[in-house]
Amino acid sequence: MDRGLYIAASGMLAEQVRQDQLANDLSNATTPGYKADRATQASFGDLLLADRTSGRVIGPLGTGVRITGQVTDLRPAALKQTDEPLDLAIEGEGFFLVRTPQGERFTRNGRFTALPDGTLGDQLGNQVLGPDRRPVRLQPDGTVRAQDVGAFNVPNAVKAGEGQFTGAAAGAAPGTVRTGALETSGVEAARTMVDMMASLRAFEAGQRAITTIDETLKQAAQQVGNLTG
Amino acid sequence: MLHGLYSAAAGMAAQQQRIDSVADDLSNVSTTGYKPARVAFRDLVYADGPRGGSPGVLVGSGSASTVVGRSMRQGPVEQTDQPLDVALEGPGFLQVRLADGRQALTRDGQLRADSQGRLTLHTGELVDPVIRIPAGGDAGKVAIAPDGQVTLDGRRLGQLRLVDVAAPNGLDGGPGNTFVPSAASGPIRAAAATTTVRQGALEGSGVDTAAAFADMIEAQRGFEFASKAIHTQDQLLEIANGVKR
């Protein structure tokens, strides 16, 4: 009987992880080039219950759930025209390549700036690289030409924070680089809010299951075997 | 358990900074030569989530914003017909000298002559190198050529120096409408030859009111989303509290 308590608790814990991911998504609802996460959930292995005296098999019993991973939705989002010469976006699939102190990283967040040596940098001051993996030199009027900026195909990009992704570049990207535009956030606010409400209710249901089991345990402890009852 | 609470709070802080910056832009909608700020957003580090997720399930820590300098797009050139008003067309700045002796840059070309006939900005910074209108000279007859050459009745008085830096977004703010070069901007160098001076005109503020309001609305909504996430996290805590009656 007390197994049910732990199964319900595992559901609540899993919803908490989901809520944390949804809170992060909502926090990034306006972050250019942000890609939303979806939590994947799976149950623990089932147990086979059997009657201890007769040995008769009763059937399988689930032992709860947990979040097993996340899938980042890497599909391209809509572009937003900004007309800012150093705002870049990739129309279609692909990633910009930046050189960071940790090595090469990929990003779709194209709010770039000029570095003091006259090359293109990202918002953290990392150099943005061209198709030949060399720094991108700005034009004399402070703008950048779209063809000077590299777009790489990164099949299995993994989020690394700070707007960056890790992965291995596999040639040029199918998408094209555009200046004067930014890719909007991949977070669909309405869907995320609905997910959040559903998850909240699932969390609540887990709590109800616990209190109900608690009630049953209470009955067992207080009433069963009560002679005066 | 409180992870999501803090990532949502980070999102609210990031949007707050953007709202502040848009408010600053909107209050400078008629400031001559003003350049609006560019705010950049990014997500933050991803760390292992709380219990309830397998090892390797990562949860992000919200978002952050930074001002990555100013938009150096050309502002609208407005005709004023004042002989000492100049507007720059193309990238670059006028070079001026601050009261403390540092060189500074500006695109605010509302010049005037001080008591000694020297050309200054309306906020008092001297044009560098100094251009002096001789005593008795009529400031109304000063002619300023597209290359910045200043003449009075055909007599050359000096040259407005047009300068630029490699990374204008790295310039620090100086007093008034001036910018001061920094390590992030690179040293002052001559502006591109295509940059010209137009006499009798001023460069208006670079703030696009419609875009600024759209930004403001987006930031407000982003702020609301994050606050909803905080509210939900709070409800979770309340429900968790209800486990033990």
# chains A, B, ... in the order shown; residues from 1 in each chain; ligands from 1
$ select_by_dssp --residues "stretch 30-216 of chain B" --states "strand (DSSP E or B)" --output "VMD selection string"
chain B and resid 37 to 43 46 to 48 53 58 to 60 63 to 70 77 to 79 85 to 89 93 to 97 103 to 106 110 to 113 118 to 121 126 to 127 132 142 to 144 149 to 152 155 to 159 162 to 164 172 to 173 178 to 180 189 to 190 196 to 199 201 to 203
$ closest_atom_pairs --of "chain A" --to "chain B" --cutoff "6 Å" --atoms "only C-alpha atoms" --output "tab-separated table"
residue	atom	partner	partner_atom	distance
A:Leu13	CA	B:Gly52	CA	4.4
A:Ala14	CA	B:Gly52	CA	4.3
A:Asp20	CA	B:Gly4	CA	4.1
A:Gln21	CA	B:Val59	CA	5.5
A:Ala23	CA	B:Ala229	CA	5.3
A:Asn24	CA	B:Gly62	CA	4.7
A:Leu26	CA	B:Ala226	CA	5.7
A:Ser27	CA	B:Gly11	CA	4.3
A:Asn28	CA	B:Ser63	CA	5.7
A:Thr31	CA	B:Phe41	CA	5.1
A:Arg66	CA	B:Gly52	CA	5.2
A:Ile67	CA	B:Gly53	CA	4.3
A:Thr68	CA	B:Ser54	CA	5.0
A:Gly69	CA	B:Val57	CA	4.8
A:Ala114	CA	B:Ala167	CA	4.7
A:Leu115	CA	B:Ala167	CA	5.4
A:Pro116	CA	B:Gly186	CA	4.6
A:Gly118	CA	B:Ala166	CA	5.0
A:Asp141	CA	B:Pro91	CA	5.9
A:Gly161	CA	B:Val45	CA	4.4
A:Glu162	CA	B:Leu44	CA	4.9
A:Gly163	CA	B:Arg42	CA	5.0
A:Gln207	CA	B:Val243	CA	5.8
$ write_last_selection --atoms "N, CA and C atoms" --output "mmCIF file, in the first residue's frame"
data_model
loop_
_atom_site.group_PDB
_atom_site.id
_atom_site.type_symbol
_atom_site.label_atom_id
_atom_site.label_comp_id
_atom_site.auth_asym_id
_atom_site.auth_seq_id
_atom_site.Cartn_x
_atom_site.Cartn_y
_atom_site.Cartn_z
ATOM 1 N N LEU A 13 7.714 14.870 -8.336
ATOM 2 C CA LEU A 13 9.106 15.281 -8.579
ATOM 3 C C LEU A 13 9.352 15.503 -10.071
ATOM 4 N N ALA A 14 8.763 14.621 -10.898
ATOM 5 C CA ALA A 14 8.947 14.765 -12.344
ATOM 6 C C ALA A 14 8.303 16.061 -12.842
ATOM 7 N N ASP A 20 10.456 23.507 -14.038
ATOM 8 C CA ASP A 20 11.709 24.277 -14.096
ATOM 9 C C ASP A 20 12.082 24.554 -15.545
ATOM 10 N N GLN A 21 11.901 23.541 -16.400
ATOM 11 C CA GLN A 21 12.228 23.744 -17.818
ATOM 12 C C GLN A 21 11.266 24.738 -18.457
ATOM 13 N N ALA A 23 9.715 27.164 -16.915
ATOM 14 C CA ALA A 23 10.045 28.499 -16.397
ATOM 15 C C ALA A 23 11.224 29.072 -17.191
ATOM 16 N N ASN A 24 12.192 28.225 -17.516
ATOM 17 C CA ASN A 24 13.336 28.681 -18.311
ATOM 18 C C ASN A 24 12.895 29.097 -19.711
ATOM 19 N N LEU A 26 9.900 30.216 -20.582
ATOM 20 C CA LEU A 26 9.152 31.477 -20.516
ATOM 21 C C LEU A 26 10.083 32.654 -20.273
ATOM 22 N N SER A 27 11.134 32.396 -19.511
ATOM 23 C CA SER A 27 12.140 33.422 -19.260
ATOM 24 C C SER A 27 12.804 33.861 -20.554
ATOM 25 N N ASN A 28 12.857 32.942 -21.514
ATOM 26 C CA ASN A 28 13.539 33.221 -22.782
ATOM 27 C C ASN A 28 12.540 33.437 -23.920
ATOM 28 N N THR A 31 14.150 35.860 -26.235
ATOM 29 C CA THR A 31 15.584 35.742 -26.520
ATOM 30 C C THR A 31 15.778 35.317 -27.979
ATOM 31 N N ARG A 66 9.824 9.314 -14.143
ATOM 32 C CA ARG A 66 10.843 10.348 -14.021
ATOM 33 C C ARG A 66 11.092 10.967 -15.385
ATOM 34 N N ILE A 67 11.642 12.167 -15.351
ATOM 35 C CA ILE A 67 12.020 12.840 -16.600
ATOM 36 C C ILE A 67 13.343 12.223 -17.041
ATOM 37 N N THR A 68 13.371 11.690 -18.235
ATOM 38 C CA THR A 68 14.576 10.981 -18.669
ATOM 39 C C THR A 68 15.476 11.829 -19.542
ATOM 40 N N GLY A 69 14.995 12.930 -20.007
ATOM 41 C CA GLY A 69 15.856 13.752 -20.855
ATOM 42 C C GLY A 69 15.076 14.907 -21.427
ATOM 43 N N ALA A 114 30.513 45.159 -33.238
ATOM 44 C CA ALA A 114 31.844 45.328 -33.814
ATOM 45 C C ALA A 114 32.874 45.202 -32.694
ATOM 46 N N LEU A 115 33.974 44.524 -32.976
ATOM 47 C CA LEU A 115 35.068 44.414 -32.011
ATOM 48 C C LEU A 115 36.099 45.494 -32.336
ATOM 49 N N PRO A 116 36.950 45.867 -31.345
ATOM 50 C CA PRO A 116 37.890 46.972 -31.577
ATOM 51 C C PRO A 116 38.851 46.722 -32.742
ATOM 52 N N GLY A 118 37.972 45.708 -35.574
ATOM 53 C CA GLY A 118 37.246 45.857 -36.839
ATOM 54 C C GLY A 118 36.650 44.567 -37.357
ATOM 55 N N ASP A 141 32.114 51.137 -43.772
ATOM 56 C CA ASP A 141 31.004 51.903 -43.204
ATOM 57 C C ASP A 141 30.388 51.225 -41.980
ATOM 58 N N GLY A 161 24.149 26.847 -23.121
ATOM 59 C CA GLY A 161 23.955 28.065 -22.348
ATOM 60 C C GLY A 161 24.598 29.253 -23.028
ATOM 61 N N GLU A 162 24.311 30.463 -22.534
ATOM 62 C CA GLU A 162 24.837 31.710 -23.101
ATOM 63 C C GLU A 162 24.516 31.815 -24.584
ATOM 64 N N GLY A 163 23.387 31.273 -24.987
ATOM 65 C CA GLY A 163 22.981 31.352 -26.392
ATOM 66 C C GLY A 163 23.750 30.434 -27.308
ATOM 67 N N GLN A 207 -0.392 15.178 -5.520
ATOM 68 C CA GLN A 207 -0.582 15.521 -4.108
ATOM 69 C C GLN A 207 -1.870 14.899 -3.568
#
$ select_by_dssp --residues "stretch 20-203 of chain A" --states "alpha helix (DSSP H)" --output "list in words"
Asp20, Gln21, Leu22, Ala23, Asn24, Asp25, Leu26, Ser27, Ala189, Ala190, Arg191, Thr192, Met193, Val194, Asp195, Met196, Met197, Ala198, Ser199, Leu200, Arg201, Ala202 and Phe203 of chain A
$ residues_around --residues "A:Ala173" --least-positions-apart "5" --cutoff "10 Å" --atoms "only C-alpha atoms" --output "list of chain:residue names"
A:Ile90, A:Gly92, A:Glu93, A:Gly94, A:Phe95, A:Phe96, A:Pro131, A:Gly150, A:Ala151, A:Phe152, A:Asn153, A:Val154, A:Pro155
$ write_last_selection --atoms "N, CA and C atoms" --output "PDB file, in the first residue's frame"
ATOM      1  N   ILE A  90      19.766  33.583 -39.627  1.00  0.00           N
ATOM      2  CA  ILE A  90      19.861  32.553 -40.656  1.00  0.00           C
ATOM      3  C   ILE A  90      18.439  32.155 -41.024  1.00  0.00           C
ATOM      4  N   GLY A  92      16.186  29.628 -42.457  1.00  0.00           N
ATOM      5  CA  GLY A  92      16.341  28.195 -42.655  1.00  0.00           C
ATOM      6  C   GLY A  92      17.293  27.638 -41.615  1.00  0.00           C
ATOM      7  N   GLU A  93      17.768  26.426 -41.868  1.00  0.00           N
ATOM      8  CA  GLU A  93      18.590  25.765 -40.856  1.00  0.00           C
ATOM      9  C   GLU A  93      20.040  26.198 -40.951  1.00  0.00           C
ATOM     10  N   GLY A  94      20.746  26.055 -39.834  1.00  0.00           N
ATOM     11  CA  GLY A  94      22.160  26.395 -39.808  1.00  0.00           C
ATOM     12  C   GLY A  94      22.503  27.194 -38.572  1.00  0.00           C
ATOM     13  N   PHE A  95      23.787  27.324 -38.302  1.00  0.00           N
ATOM     14  CA  PHE A  95      24.257  28.033 -37.117  1.00  0.00           C
ATOM     15  C   PHE A  95      25.411  28.950 -37.481  1.00  0.00           C
ATOM     16  N   PHE A  96      25.511  30.072 -36.767  1.00  0.00           N
ATOM     17  CA  PHE A  96      26.717  30.895 -36.833  1.00  0.00           C
ATOM     18  C   PHE A  96      27.781  30.201 -35.991  1.00  0.00           C
ATOM     19  N   PRO A 131      32.770  31.701 -43.469  1.00  0.00           N
ATOM     20  CA  PRO A 131      32.681  30.350 -44.026  1.00  0.00           C
ATOM     21  C   PRO A 131      34.035  29.629 -44.012  1.00  0.00           C
ATOM     22  N   GLY A 150      29.728  33.021 -41.858  1.00  0.00           N
ATOM     23  CA  GLY A 150      29.529  31.596 -42.097  1.00  0.00           C
ATOM     24  C   GLY A 150      28.241  31.082 -41.491  1.00  0.00           C
ATOM     25  N   ALA A 151      27.585  30.170 -42.186  1.00  0.00           N
ATOM     26  CA  ALA A 151      26.436  29.442 -41.639  1.00  0.00           C
ATOM     27  C   ALA A 151      26.756  27.966 -41.802  1.00  0.00           C
ATOM     28  N   PHE A 152      26.769  27.248 -40.686  1.00  0.00           N
ATOM     29  CA  PHE A 152      27.198  25.853 -40.720  1.00  0.00           C
ATOM     30  C   PHE A 152      26.046  24.922 -40.385  1.00  0.00           C
ATOM     31  N   ASN A 153      26.114  23.771 -40.958  1.00  0.00           N
ATOM     32  CA  ASN A 153      25.127  22.743 -40.681  1.00  0.00           C
ATOM     33  C   ASN A 153      25.614  21.954 -39.456  1.00  0.00           C
ATOM     34  N   VAL A 154      24.853  21.958 -38.391  1.00  0.00           N
ATOM     35  CA  VAL A 154      25.240  21.233 -37.172  1.00  0.00           C
ATOM     36  C   VAL A 154      24.104  20.260 -36.865  1.00  0.00           C
ATOM     37  N   PRO A 155      24.258  18.991 -37.270  1.00  0.00           N
ATOM     38  CA  PRO A 155      23.127  18.055 -37.173  1.00  0.00           C
ATOM     39  C   PRO A 155      22.663  17.798 -35.741  1.00  0.00           C
TER      40      PRO A 155
END
$ closest_residue --among "A:Gly121, A:Gly206, A:Gly55, A:Gly171" --to "A:Asn109" --atoms "only C-alpha atoms"
A:Gly121
$ closest_residue --among "A:Arg111, A:Arg52, A:Arg105, A:Arg3" --to "A:Ile213" --atoms "only C-alpha atoms"
A:Arg3
$ atom_distance --atom1 "atom CA of A:Val98" --atom2 "atom CA of A:Thr119"
12.0 Å
$ closest_residue --among "B:Gly101, B:Pro83, B:Pro134, B:Gly109" --to "B:Gly204" --atoms "only C-alpha atoms"
B:Gly109
